[in-house]
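Have a look at the structure below before the remarks.
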Amino acid sequence: MSIAWECRDQADQAEIYYNHPLRTKIRRLEDENLALKRILLENGIPWNFRSRSAHISNGRMTRSSSRIRCRPLPHIPVEIQLRILYFAMTSPQPIVDPLCKTKPGHLLIQEKTKSNQIAIHFLATCKAYHSEGTKFLWNNNSFVFTTPEALRNFAEVPLKFRRDIKDINFRIIAKFYDDEDRTRKISRNHHPDLKKAIPLMIHKRPKENTPARRGFRTYGWYQLIDFLTAMLPPYDPSHPSTPHVLNPMPKLLPSLEKLRIDFVNFGMNMFSSPPAQLHDLASHQFGCTLNELVLTGLPTDDVGERVSNELAGLLKNEGLLIDHAPTLVAQKNCIRSLTCDTVECHYTSKVIRAAGNIDMNPYVHGDELHAHSFGLEYPAAPKDEGEPPNSFFHSCRTIWKKVPVKLEGDERKWELFDRISGQPWDEVEEEATMYDCASIGEPDIGITCENCGKVHPGAIPPDYLIEDIFGIDL
């Protein structure tokens with residue numbers, strides 16, 4: 001299969017630009033309406049004035065008519081009202097593209113068929129319900145974003161609510177374009193749940209008499225870049241700042257701790273290398289901000305590995321990176337789930353930059369020491385709650401982390417990781433301990449760790465032994 005070159009499709013971008021002024025026009029009309037209401041109120045004219053006869057004659061139940069025709073409702077304590085409102089505003093499933101109209105092709109089959117999961121009309125009942133219900137709506141639910149525009153539009157939510165969101169999900173669906181009638185498919189090897197190759201949905205584009213690049217192209221890595229760009233600080237005219245004291249504006253989600261990115265239809269050997277802007281966003285603009293990053297569906301080729309390494313820059317020191325097989329595949333009019341048939345999901349996990357005070361010179365070379373701290377100190381990811389089990393291999397070289405048993409569940413288990421490689425200890429134990437009983441150590445004891453001064457499995461050798469072990473001169 002030929003590799004698709006990266007692009008932002010001009011037709012799609014033109015459609016996005018066309019729809020944006022509509023929201024601006026609506027906002028302008030709303031401001032004009034509020035200004036007219038303010039003028040009426042300043043002159044003592046109620047803007048919603050209606051005669052009593054109109055209240056009753058039109059058959060519509062209002063406060064004035066309800067006092068005449070209806071008996072008062074039984075009183076419900078405020079605590080119970082808030083409890084009812086709490087459950088009414090809480091969805092059992094993630095809310096997809098809040099504040100935006102979701103495209104049918106971006107939804108799972110079960111998401112298309114489900115009924116309304118929240119009683120949103122509660123918010124229109126009165127000011128008290130609107131105030132309390134809005135808090136529950138944004139604090140109690142989880143959100144899935146399927147387009148960069150939906151994420152960018154989330155800036156309409158007040159910062160006081162966005163500040164409390166700690167976990168979101170990106171569903172990045174690769175879009176493909178071609179100016180020729182060619183069939184492209186994702187191999188059945190993409191996931192064990194696939195019984196046959198899946199045809200890709202190709203958006204046909206006309207051939208233009210220009211020097212523009214033609215042929216098979218995709219909106220994949222640029223879409224990832226647009227998602228990350230949408231999380232940059234939105235403009236806030238009320239943000240406190242003076243010419244002498246410039247305060248940075250908060251990002252779209254200032255308290256985000258965990259991010260899951262589902263890559264959909266990112267087949268192996270189909271994509272070119274990601275643009276350089278991905279590194280700037282992941283390692284610089286948003287570097288060292290997340291505690292946990294979950295990636296599903298990345299290609300298992302060199303390009304996918306590079307994207308995974310770039311996105312690891314989002315994590316704090318000692319943050320957890322999980323790389324999982326595809327969980328979704330896009331078909332013609334919907335998204336299909338790819339399930340795990342085993343009791344436990346098989347994925348690769350890694351702890352990022354967990355070496356701490358360990359001297360990494362003997363273990364890395366050249367560009368691997370490329371740093372992004374610029375002299376700044378960033379806090380490490382917080383330790384997981386609870387007590388890990390006892391292990392003979394736990395030392396200054398290892399770190400305990402809680403990892404999910406199944407990706408979709410909340411159950412977690414303790415796993416021991418090597419701080420130097422970041423890999424699970426079970427995978428690197430043989431290599432890490434191969435010098436413990438070498439002749440350069442003390443007889444029948446082993447090497448004393450240069451980092452902690454103790455003898456333990458995988459001890460860090462002192463500098464004068466590095467040349468004998470690694471064959472390098474420090």
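In the structure tokens, each chain is lettered A, B, ... as it comes, each chain's residues begin at 1, and ligands are numbered from 1 in order of appearance.
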Wanna dump the region 277-315 of chain A-region 252-260 of chain A contacts at 7 Å for me, each residue with its shortest atom pair and the distance in Å to one decimal, counting only C-alpha atoms, ordered by chain and number, as a tab-separated table?
```
residue	atom	partner	partner_atom	distance
A:Leu290	CA	A:Glu257	CA	4.6
A:Asn291	CA	A:Glu257	CA	5.2
A:Glu292	CA	A:Lys258	CA	4.8
A:Leu293	CA	A:Leu259	CA	5.1
A:Val294	CA	A:Arg260	CA	4.5
A:Leu295	CA	A:Arg260	CA	6.0
```
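Checking A:Lys185, A:Lys454, A:Arg28, A:Arg336 one by one against Glu111 (chain A), counting only C-alpha atoms, you find the shortest gap at A:Arg336.
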Pick from A:Pro240, A:Gly297, A:Pro389, A:Pro77 nearest to Trp414 (chain A), counting only C-alpha atoms: A:Pro389
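Each of A:Lys195, A:His456, A:His203, A:Arg184 was checked against Tyr435 (chain A) using only C-alpha atoms; the smallest atom-to-atom distance is that of A:His456.
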Can you pull out every residue within 12 Å of Glu305 (chain A), counting only C-alpha atoms, but drop anything in the same chain fewer than 3 positions away, and send it as a VMD selection string? chain A and resid 268 to 269 273 to 274 295 297 to 302 308 to 312 323 348
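Compared by their closest atoms to Arg163 (chain A), and using only C-alpha atoms, the residues A:Gly215, A:Pro250, A:Gly409, A:Gly220 rank with A:Pro250 nearest.
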Long-range neighbours of Ile120 (chain A) as a PyMOL selection string, 9 Å cut-off, only C-alpha atoms, 3 positions minimum in chain: chain A and resi 88-89+116-117+123-124+133+137
Which residues come within 8 Å of Arg353 (chain A), counting only C-alpha atoms, excluding same-chain residues fewer than 6 positions away, as an MDAnalysis selection string? chainID A and resid 316:319 419:420 422
